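Here is the structure we will look at, set down as structure tokens.
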Amino acid sequence: MRKSYEHCIRCTICVENCPVFKVNPQYPGPKQAGPDAMRFRIEGEKKVDSWISLCTQCRRCEQVCPHDVKPATLILQAQMEYVKYNGAKPTQIIFSNFHFISHLASFFAPVANFATSLTIVKKMMKLVGLRDDIPFPRFSFRTMQRNKVKPEQGKRKAVFFHGCYLNGNAPDTGRNIVRLMQDLGVEVLVPPQVCCGLPALGNGNEKKAKSFAQKNAEIFASKVEQGYDIIYACTSCGHTLIHSYPELAGEKGKMIAENSWNIYEYIEKLINEKQLVLKLKEVKKVVSYHVPCHLKGSGKPYPALGLFHSIPGIELHVMDDNCCGFSGSYGFKKKNRETTERLGKIAVKAHLESNPDVIISDCGACRMQIENYTDVRVCDPIEILKESLE
Amino acid sequence: MKYDVVIIGGGMTGLISSIYLSSKGLKTAVVSKGDPVCSISSGCIDVAGDFQGIPDDHPYTMAGREKVRSALMYFKEIMKDAGLPYWGEVFENRSIYTPIAKKRETCLVPFSMKNADGAKGKSLHIISFQGMKDFFPGYFKEDTSDFNCSLFDAGTLTTVGIATKFDDPAFREQFILWLKECRIQEEFIGIPAVLGTKNPQKLIDQIELVTGCKVFEIPTLPPSMPGLRLFRKLKSYSSLQGVDFFWGHGISEITEEENLVTSLIIDQPGRPTIIEGRSFILTTGSFVSGGLFAEKESIRETVFNLPVSIPPGKPRLNDSFFDTEQPLGRAGIRVSSHYQPVDSPWKNIFVAGSILENSQIMKYHCGHGLAIVTGLDAAENCEEYLK
Ligand SMILES: Cc1cc2nc3c(=O)[nH]c(=O)nc-3n(C[C@H](O)[C@H](O)[C@H](O)COP(=O)(O)OP(=O)(O)OC[C@H]3O[C@@H](n4cnc5c(N)ncnc54)[C@H](O)[C@@H]3O)c2cc1C
């Protein structure tokens, strides 16, 4: 078997689809950063490609490559190698451990939120390489873990993988998801869990990512064995569960990958299996749907679309050509500010063309980013579905 | 997931088929491993070098002249409706520039290249960008009565980077202000095709207004914005018509019952995605896109393992790449007049596009044209089959 990068025919299709390459002349694009540069990455040699961290890991290149070259995966390897040889930067340490920070900050939420708004703290954040021009996400004391929705008996049983953002930063949305699923007749458990591991991977810490993945795999695989399905709403967590867990967590990881469902995919499955009939009421709104890169990367029709198209009165615009530029921890780093801002403005401008009442997105980071550039309401798709079911 | 038609391959051929079939109310899906050649092409529709000399065994002959005409008219209609109109007469060629200034013949062009045809021998001003990769204004001096060039500083060097800047109204305004200062005297202005990632027509109109010149875009080497604009428009048009896309992964398995293919399984991590279909159209392209794969001794069709016709006798590749005919260019799937593969066990599959035997895209300069004509024709045959 030839190595994947040797299949590259240098067609530049990946380059045409790279968000960072579009706006940052310092970044050579996925073709050069991935397959081209692989030939020069010699085992054991000191790594000098510091620019490799400019890739956001949106993975658009992998979806468009006709020859199974996996540029983003090659780049991720190079990013991890770089950190291994040159040491982690403070921001990389912070975001690899975001799980713990999120827990701590939620516990001290009022203090933490107050602190991150203080000038002195902002100065410190800037000093370690974080941006001080956008608000740090606000933490909530009433996390999903601390304030669980009471499970109700249901025809189907599912465990919810909430991820860090819904748990610590948007727990009300998370609880709305659980309640809605329960209303649809699904018994939903929210077991204790840790970060999916994606931020650790993206910040060069494979060891940490593995330890997170194995811990989650342990917890969720045992639930699968008891007949539960795994459901998720955050599309980046979902992408990691399905695409990375088999590698990060072995056999149990594979089990997670095979039994994880996007919530809308799950609802559709219930409808197809005739376990559920939805009565959707009119929602008279122009809705612009920001499809997160990691949902686009699932390679399937977007599961929410079937449902949303059947909501009477809705005018839905599906926007999947633009990456919002935030990409989780990437957008918080000072060095990425310009790239992130440019991409955010491009994405928001495209949304505003349809004059929407609301912009929806499955990804918390995308929502946070879009809110930076518009006053139009931005929310999780579940809020619209909830409105239609009420 | 169950479909009336599952199209494998999301190139020009597959997208045209999908647009036609979904417009007929058939539930249609497209499965594609990756993006197609169209997105790095010049965006111009080559129909045929000259309409003479097309041999009897060429897919065009099978389709017939009337089908060629009606399919290209259909394409023009779609593009107009989609907001990226094309210009040109179906059986007439017009000339455009290549990135190395050599003129070449093509048939339908996006409006942004319409004016290139008249520029031969006239006075020409090339506008390019400081440090832009792989675009050299000096090449264009030949064949002009008067020549000049100006360079704008876009602050970035690549086609993708500059085109992205042109999407921003503030940047366009800055460019127009600069252009006014240039006081261009020549009759024509040629600009590399970087005037935005979307249809640049409004900007071109504006440039013509402030300069009084006839303006045209010149295709660049890949990455190529006109190709990308065409591909994205077709894909989103198809999606708006309700076509489902399974994009980014190949096919790991097919299932069959008697003489029918019943479903495909997508090669991706996690739970297998199974796509059931009543009929299938194979439009996976030739060697460049991986529809055909050349091994040492044989050529393989990568989805159904259909028999591949190869011209008898050796060699398959001639040493001189461009001057002589390449027998390998004839390799492909042999089909009946209904676009069904011969010597295949299945009744419900159809094949179209550059994967067809004897298409010889390079020799007959018929890339997108052949894709459109056979894509539509095969789709109509498939529709007939489903009735
Ligand atoms: C660099 C270049 C520039 C060109 N420029 C022009 C031009 O300017 N004008 C012109 O008229 N013609 C041009 N051509 C020719 C023209 O682009 C093609 O002949 C035509 O577009 C072919 O279309 P197609 O749909 O048949 O195949 P393709 O465009 O090759 O599409 C095939 C699709 O199938 C997918 N696929 C492949 N294998 C599998 C699999 N196993 N499973 C699932 N999916 C699969 C691929 O990812 C791809 O998306 C150019 C060709 C090249 C190489």
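To be explicit about the labels: the chains of the structure tokens are called A, B, and onward in the order shown, and within each one the residues are counted from 1, while ligands get numbers from 1 in the order they are shown.
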Checklist entry - Could you name the residues that touch Gly367 in chain B at 9 Å or less, counting only C-alpha atoms, but leaving out those on the same chain fewer than 3 positions away, as a PyMOL selection string? => result chain B and resi 45-48+353-354+359-362+364+370-372
Next on the checklist: To test your reading of the structure, identify every residue in range 89-291 of chain B that backbone DSSP assigns to helix (DSSP H, G or I), and report it as a ChimeraX atom specification.
Outcome noted: /B:111-118,137-141,159-166,169-182,201-211,225-240
Write the residues of the selection above to a file with C-alpha atoms, as a CSV table (one decimal), in the first residue's frame.
```
chain,number,residue,atom,x,y,z
B,111,PHE,CA,-19.9,36.1,-20.0
B,112,SER,CA,-16.7,37.3,-18.3
B,113,MET,CA,-14.8,35.8,-21.3
B,114,LYS,CA,-17.1,36.8,-24.0
B,115,ASN,CA,-14.9,39.7,-25.3
B,116,ALA,CA,-11.7,37.7,-25.7
B,117,ASP,CA,-12.9,36.5,-29.1
B,118,GLY,CA,-12.6,40.0,-30.7
B,137,PRO,CA,1.7,39.8,-18.9
B,138,GLY,CA,4.6,39.8,-21.4
B,139,TYR,CA,3.2,36.7,-23.0
B,140,PHE,CA,0.2,38.6,-24.3
B,141,LYS,CA,2.2,41.1,-26.4
B,159,THR,CA,-5.6,33.3,-7.5
B,160,VAL,CA,-7.7,32.2,-4.5
B,161,GLY,CA,-6.4,35.0,-2.3
B,162,ILE,CA,-7.0,37.7,-4.8
B,163,ALA,CA,-10.4,36.4,-5.8
B,164,THR,CA,-11.4,36.3,-2.2
B,165,LYS,CA,-10.4,40.0,-1.8
B,166,PHE,CA,-12.5,40.9,-4.8
B,169,PRO,CA,-16.9,45.7,-1.8
B,170,ALA,CA,-14.3,47.9,-0.2
B,171,PHE,CA,-11.5,46.2,-2.1
B,172,ARG,CA,-13.5,46.5,-5.3
B,173,GLU,CA,-13.9,50.2,-4.8
B,174,GLN,CA,-10.2,50.6,-4.1
B,175,PHE,CA,-9.4,48.7,-7.3
B,176,ILE,CA,-11.8,50.9,-9.4
B,177,LEU,CA,-10.3,54.1,-8.0
B,178,TRP,CA,-6.9,52.8,-9.0
B,179,LEU,CA,-8.1,51.8,-12.4
B,180,LYS,CA,-9.4,55.3,-13.1
B,181,GLU,CA,-5.9,56.7,-12.4
B,182,CYS,CA,-4.5,54.3,-15.0
B,201,GLN,CA,-20.3,40.3,-14.2
B,202,LYS,CA,-21.2,43.3,-12.2
B,203,LEU,CA,-17.6,44.2,-11.6
B,204,ILE,CA,-16.8,43.8,-15.2
B,205,ASP,CA,-19.6,46.1,-16.2
B,206,GLN,CA,-18.3,48.6,-13.8
B,207,ILE,CA,-14.8,48.3,-15.2
B,208,GLU,CA,-16.1,48.8,-18.7
B,209,LEU,CA,-18.0,51.8,-17.5
B,210,VAL,CA,-15.1,53.6,-16.0
B,211,THR,CA,-12.5,52.7,-18.7
B,225,MET,CA,-12.0,30.5,-10.3
B,226,PRO,CA,-14.1,30.1,-13.5
B,227,GLY,CA,-14.1,26.4,-13.0
B,228,LEU,CA,-14.8,26.7,-9.3
B,229,ARG,CA,-17.7,29.1,-10.0
B,230,LEU,CA,-19.2,26.7,-12.5
B,231,PHE,CA,-18.9,23.7,-10.2
B,232,ARG,CA,-20.3,25.4,-7.2
B,233,LYS,CA,-23.2,26.8,-9.1
B,234,LEU,CA,-24.2,23.4,-10.6
B,235,LYS,CA,-23.8,21.7,-7.2
B,236,SER,CA,-25.9,24.3,-5.3
B,237,TYR,CA,-28.5,24.3,-8.1
B,238,SER,CA,-28.8,20.5,-7.9
B,239,SER,CA,-29.0,20.7,-4.1
B,240,LEU,CA,-31.8,23.3,-4.2
```
Next on the checklist: Neighbouring residues of Ala105 in chain A were defined as those with any atom within 12 Å, considering only C-alpha atoms; residues of the same chain fewer than 2 positions away were excluded. Please report them as a ChimeraX atom specification.
Outcome noted: /A:98-103,107-116,136-143,164,167-169
For the residues in that selection, give me N, CA, C and O atoms as a compact mmCIF listing (two decimals), in the first residue's frame.
```txt
# COMPACT_ATOMS: atom_id res chain seq x y z
N PHE A 98 -8.67 22.18 28.34
CA PHE A 98 -9.85 23.02 28.46
C PHE A 98 -10.93 22.35 29.32
O PHE A 98 -11.67 23.02 30.02
N HIS A 99 -10.96 21.03 29.25
CA HIS A 99 -11.94 20.28 30.05
C HIS A 99 -11.86 20.68 31.53
O HIS A 99 -12.86 20.95 32.18
N PHE A 100 -10.61 20.68 32.04
CA PHE A 100 -10.44 20.98 33.47
C PHE A 100 -10.73 22.45 33.75
O PHE A 100 -11.36 22.80 34.74
N ILE A 101 -10.28 23.30 32.83
CA ILE A 101 -10.52 24.73 33.00
C ILE A 101 -12.02 24.99 33.03
O ILE A 101 -12.54 25.72 33.88
N SER A 102 -12.73 24.33 32.11
CA SER A 102 -14.16 24.52 32.01
C SER A 102 -14.85 24.11 33.31
O SER A 102 -15.73 24.81 33.82
N HIS A 103 -14.40 22.97 33.87
CA HIS A 103 -14.99 22.52 35.13
C HIS A 103 -14.75 23.49 36.27
O HIS A 103 -15.64 23.85 37.01
N PHE A 107 -17.48 26.00 38.17
CA PHE A 107 -17.69 25.91 39.61
C PHE A 107 -17.61 27.29 40.25
O PHE A 107 -18.39 27.63 41.12
N PHE A 108 -16.65 28.07 39.75
CA PHE A 108 -16.52 29.44 40.26
C PHE A 108 -17.11 30.44 39.27
O PHE A 108 -16.56 31.53 39.08
N ALA A 109 -18.19 30.01 38.57
CA ALA A 109 -18.66 30.78 37.41
C ALA A 109 -18.74 32.29 37.60
O ALA A 109 -18.12 33.03 36.83
N PRO A 110 -19.47 32.79 38.61
CA PRO A 110 -19.59 34.25 38.71
C PRO A 110 -18.21 34.91 38.82
O PRO A 110 -17.94 35.89 38.15
N VAL A 111 -17.36 34.29 39.63
CA VAL A 111 -16.02 34.85 39.82
C VAL A 111 -15.22 34.77 38.52
O VAL A 111 -14.58 35.73 38.09
N ALA A 112 -15.31 33.59 37.88
CA ALA A 112 -14.54 33.37 36.67
C ALA A 112 -14.98 34.35 35.57
O ALA A 112 -14.14 34.95 34.90
N ASN A 113 -16.30 34.51 35.41
CA ASN A 113 -16.80 35.42 34.38
C ASN A 113 -16.39 36.85 34.67
O ASN A 113 -16.02 37.61 33.78
N PHE A 114 -16.44 37.20 35.99
CA PHE A 114 -16.02 38.54 36.40
C PHE A 114 -14.53 38.71 36.10
O PHE A 114 -14.10 39.69 35.50
N ALA A 115 -13.76 37.69 36.47
CA ALA A 115 -12.31 37.78 36.30
C ALA A 115 -11.92 37.96 34.84
O ALA A 115 -11.12 38.83 34.51
N THR A 116 -12.55 37.13 33.93
CA THR A 116 -12.13 37.23 32.52
C THR A 116 -12.53 38.57 31.90
O THR A 116 -12.10 38.91 30.82
N PHE A 136 -14.30 36.25 26.34
CA PHE A 136 -14.06 34.83 26.59
C PHE A 136 -15.43 34.21 26.84
O PHE A 136 -16.33 34.87 27.35
N PRO A 137 -15.66 32.96 26.42
CA PRO A 137 -17.01 32.40 26.62
C PRO A 137 -17.39 32.45 28.09
O PRO A 137 -16.57 32.17 28.97
N ARG A 138 -18.64 32.79 28.35
CA ARG A 138 -19.10 32.87 29.74
C ARG A 138 -19.39 31.47 30.27
O ARG A 138 -19.90 30.62 29.55
N PHE A 139 -19.04 31.26 31.50
CA PHE A 139 -19.28 29.94 32.10
C PHE A 139 -20.53 29.99 32.96
O PHE A 139 -20.91 31.03 33.46
N SER A 140 -21.15 28.83 33.08
CA SER A 140 -22.38 28.76 33.83
C SER A 140 -22.20 27.83 35.02
O SER A 140 -21.61 26.76 34.87
N PHE A 141 -22.71 28.24 36.17
CA PHE A 141 -22.58 27.38 37.35
C PHE A 141 -23.48 26.15 37.21
O PHE A 141 -23.11 25.04 37.53
N ARG A 142 -24.67 26.40 36.65
CA ARG A 142 -25.62 25.29 36.52
C ARG A 142 -25.30 24.47 35.27
O ARG A 142 -26.00 24.51 34.28
N THR A 143 -24.18 23.76 35.30
CA THR A 143 -23.79 22.95 34.14
C THR A 143 -24.80 21.83 33.93
O THR A 143 -25.61 21.56 34.81
N CYS A 164 -17.90 19.85 26.01
CA CYS A 164 -17.58 20.92 26.97
C CYS A 164 -18.49 22.13 26.83
O CYS A 164 -18.89 22.73 27.80
N ASN A 167 -22.07 21.76 28.11
CA ASN A 167 -22.04 21.54 29.55
C ASN A 167 -21.72 22.82 30.32
O ASN A 167 -22.47 23.22 31.19
N GLY A 168 -20.63 23.46 29.94
CA GLY A 168 -20.14 24.57 30.75
C GLY A 168 -20.62 25.94 30.30
O GLY A 168 -20.72 26.86 31.10
N ASN A 169 -20.89 26.10 29.00
CA ASN A 169 -21.18 27.43 28.49
C ASN A 169 -22.62 27.64 28.03
O ASN A 169 -23.11 28.74 28.01
```
Next on the checklist: Could you work out which residues of chain B fall inside 6 Å of chain A? Count only C-alpha atoms, and format the result as a list of chain:residue names.
Outcome noted: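 Taking only C-alpha atoms into account, B:Lys33, B:Gly34, B:Asp35, B:Thr156, B:Val160, B:Gly161, B:Pro223, B:Asp244, B:Phe245, B:Phe246, B:Trp247, B:Gly248, B:Pro269, B:Gly270, B:Arg271 sit within 6 Å of chain A.
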Output of the above residues as a PDB file, in the first residue's frame, restricted to N, CA, C and O atoms:
```
ATOM      1  N   LYS B  33     -16.667  10.760  -4.335  1.00  0.00           N
ATOM      2  CA  LYS B  33     -15.492  10.615  -3.485  1.00  0.00           C
ATOM      3  C   LYS B  33     -14.847  11.964  -3.199  1.00  0.00           C
ATOM      4  O   LYS B  33     -14.320  12.198  -2.128  1.00  0.00           O
ATOM      5  N   GLY B  34     -14.889  12.834  -4.192  1.00  0.00           N
ATOM      6  CA  GLY B  34     -14.283  14.149  -4.004  1.00  0.00           C
ATOM      7  C   GLY B  34     -14.821  15.115  -5.032  1.00  0.00           C
ATOM      8  O   GLY B  34     -15.763  14.805  -5.752  1.00  0.00           O
ATOM      9  N   ASP B  35     -14.204  16.308  -5.093  1.00  0.00           N
ATOM     10  CA  ASP B  35     -14.631  17.295  -6.081  1.00  0.00           C
ATOM     11  C   ASP B  35     -14.077  16.906  -7.455  1.00  0.00           C
ATOM     12  O   ASP B  35     -13.053  16.244  -7.559  1.00  0.00           O
ATOM     13  N   THR B 156      -1.720  40.197  -1.845  1.00  0.00           N
ATOM     14  CA  THR B 156      -1.631  38.737  -1.764  1.00  0.00           C
ATOM     15  C   THR B 156      -1.319  38.208  -3.164  1.00  0.00           C
ATOM     16  O   THR B 156      -1.507  38.918  -4.147  1.00  0.00           O
ATOM     17  N   VAL B 160      -6.633  32.302  -5.547  1.00  0.00           N
ATOM     18  CA  VAL B 160      -7.669  32.163  -4.526  1.00  0.00           C
ATOM     19  C   VAL B 160      -7.682  33.380  -3.601  1.00  0.00           C
ATOM     20  O   VAL B 160      -8.735  33.926  -3.274  1.00  0.00           O
ATOM     21  N   GLY B 161      -6.489  33.811  -3.197  1.00  0.00           N
ATOM     22  CA  GLY B 161      -6.378  34.956  -2.290  1.00  0.00           C
ATOM     23  C   GLY B 161      -6.911  36.230  -2.926  1.00  0.00           C
ATOM     24  O   GLY B 161      -7.681  36.977  -2.297  1.00  0.00           O
ATOM     25  N   PRO B 223      -5.207  26.659  -9.115  1.00  0.00           N
ATOM     26  CA  PRO B 223      -6.657  26.800  -8.927  1.00  0.00           C
ATOM     27  C   PRO B 223      -7.267  27.801  -9.903  1.00  0.00           C
ATOM     28  O   PRO B 223      -6.654  28.825 -10.185  1.00  0.00           O
ATOM     29  N   ASP B 244     -29.831  14.798  -2.843  1.00  0.00           N
ATOM     30  CA  ASP B 244     -29.022  14.529  -1.646  1.00  0.00           C
ATOM     31  C   ASP B 244     -27.588  14.217  -2.038  1.00  0.00           C
ATOM     32  O   ASP B 244     -27.355  13.468  -2.980  1.00  0.00           O
ATOM     33  N   PHE B 245     -26.651  14.760  -1.272  1.00  0.00           N
ATOM     34  CA  PHE B 245     -25.242  14.506  -1.571  1.00  0.00           C
ATOM     35  C   PHE B 245     -24.580  13.662  -0.499  1.00  0.00           C
ATOM     36  O   PHE B 245     -24.710  13.935   0.691  1.00  0.00           O
ATOM     37  N   PHE B 246     -23.859  12.659  -0.944  1.00  0.00           N
ATOM     38  CA  PHE B 246     -22.988  11.874  -0.060  1.00  0.00           C
ATOM     39  C   PHE B 246     -21.591  12.150  -0.573  1.00  0.00           C
ATOM     40  O   PHE B 246     -21.190  11.623  -1.610  1.00  0.00           O
ATOM     41  N   TRP B 247     -20.856  12.986   0.114  1.00  0.00           N
ATOM     42  CA  TRP B 247     -19.646  13.544  -0.492  1.00  0.00           C
ATOM     43  C   TRP B 247     -18.413  13.274   0.360  1.00  0.00           C
ATOM     44  O   TRP B 247     -18.458  13.451   1.569  1.00  0.00           O
ATOM     45  N   GLY B 248     -17.338  12.871  -0.281  1.00  0.00           N
ATOM     46  CA  GLY B 248     -16.066  12.767   0.434  1.00  0.00           C
ATOM     47  C   GLY B 248     -15.577  11.350   0.677  1.00  0.00           C
ATOM     48  O   GLY B 248     -14.473  11.161   1.186  1.00  0.00           O
ATOM     49  N   PRO B 269     -15.854   5.896   8.199  1.00  0.00           N
ATOM     50  CA  PRO B 269     -15.807   5.386   9.559  1.00  0.00           C
ATOM     51  C   PRO B 269     -17.189   5.390  10.218  1.00  0.00           C
ATOM     52  O   PRO B 269     -18.088   6.078   9.766  1.00  0.00           O
ATOM     53  N   GLY B 270     -17.334   4.632  11.265  1.00  0.00           N
ATOM     54  CA  GLY B 270     -18.616   4.585  11.975  1.00  0.00           C
ATOM     55  C   GLY B 270     -19.567   3.595  11.336  1.00  0.00           C
ATOM     56  O   GLY B 270     -19.165   2.698  10.616  1.00  0.00           O
ATOM     57  N   ARG B 271     -20.857   3.819  11.637  1.00  0.00           N
ATOM     58  CA  ARG B 271     -21.885   2.937  11.071  1.00  0.00           C
ATOM     59  C   ARG B 271     -21.857   2.987   9.555  1.00  0.00           C
ATOM     60  O   ARG B 271     -21.685   4.042   8.984  1.00  0.00           O
TER      61      ARG B 271
END
```
Checklist entry - If you run DSSP on this backbone, which residues of range 131-285 of chain A come out as strand (DSSP E or B), and could you give them as an MDAnalysis selection string? => result chainID A and resid 156:161 186:189 229:232 260:262
Checklist entry - Which residues come within 7 Å of Pro99 in chain B, counting only C-alpha atoms, excluding same-chain residues fewer than 5 positions away, as a PyMOL selection string? => result chain B and resi 135+218-221
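Counting only C-alpha atoms, Asp4 in chain B has the following residues at most 12 Å away, ignoring those fewer than 4 positions along the same chain: Ser18, Leu21, Ser22, Lys24, Gly25, Leu26, Lys27, Thr28, Ala29, Val30, Val243, Asp244, Thr262, Ser263, Ile275, Glu276, Gly277, Arg278, Ser279, Phe280, Ile281, Asn348, Ile349, Ala379, Cys382, Glu383, Tyr385, Leu386 and Lys387 of chain B.
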Checklist entry - Which of these, A:His7, A:Gly238, A:Gln226, A:Leu74, has the shortest distance to Gly197 in chain A once you count only C-alpha atoms? => result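 Smallest distance to Gly197 in chain A is found for A:Gly238.
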Item to check | Interatomic distance (Å, one decimal) between CA of Trp87 in chain B and atom 3 (C, counted along the ligand's line) of ligand 1 | outcome: 19.4 Å
Next on the checklist: Please list as a list in words every residue within 10 Å of Arg330 in chain B, counting only C-alpha atoms and excluding residues in the same chain fewer than 2 positions away.
Outcome noted: His58, Ser309, Ile310, Pro311, Arg316, Glu325, Gln326, Pro327, Leu328, Gly332, Ile333, Ser354, Ile355, Leu356, Glu357, Asn358, Ser359, Gln360, Ile361 and Lys363 of chain B
Checklist entry - Do you know which residues are at most 9 Å from Asp49 in chain A counting only C-alpha atoms, after dropping those on the same chain fewer than 3 positions away, and could you put them as an MDAnalysis selection string? => result chainID A and resid 52:53 78:79 82
Any chance you can output those residues with N, CA and C atoms as an mmCIF file, in the first residue's frame?
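Ended up saving to out38.cif:
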```
data_model
loop_
_atom_site.group_PDB
_atom_site.id
_atom_site.type_symbol
_atom_site.label_atom_id
_atom_site.label_comp_id
_atom_site.auth_asym_id
_atom_site.auth_seq_id
_atom_site.Cartn_x
_atom_site.Cartn_y
_atom_site.Cartn_z
ATOM 1 N N ILE A 52 2.850 25.493 10.543
ATOM 2 C CA ILE A 52 1.899 24.384 10.409
ATOM 3 C C ILE A 52 0.690 24.587 11.328
ATOM 4 N N SER A 53 0.897 25.349 12.416
ATOM 5 C CA SER A 53 -0.228 25.561 13.332
ATOM 6 C C SER A 53 -1.271 26.525 12.752
ATOM 7 N N ALA A 78 1.826 16.506 11.673
ATOM 8 C CA ALA A 78 2.948 17.442 11.681
ATOM 9 C C ALA A 78 2.811 18.447 12.828
ATOM 10 N N GLN A 79 1.562 18.842 13.112
ATOM 11 C CA GLN A 79 1.345 19.769 14.234
ATOM 12 C C GLN A 79 1.773 19.115 15.547
ATOM 13 N N TYR A 82 5.499 18.835 15.736
ATOM 14 C CA TYR A 82 6.117 20.131 16.022
ATOM 15 C C TYR A 82 6.118 20.408 17.524
#
```
Checklist entry - Do you have the CA of Glu295 in chain B-CA of Pro307 in chain B distance handy? => result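 It comes out at 14.0 Å.
Separating CA of Ile359 in chain A from CA of Gly344 in chain A is a distance of 13.6 Å.
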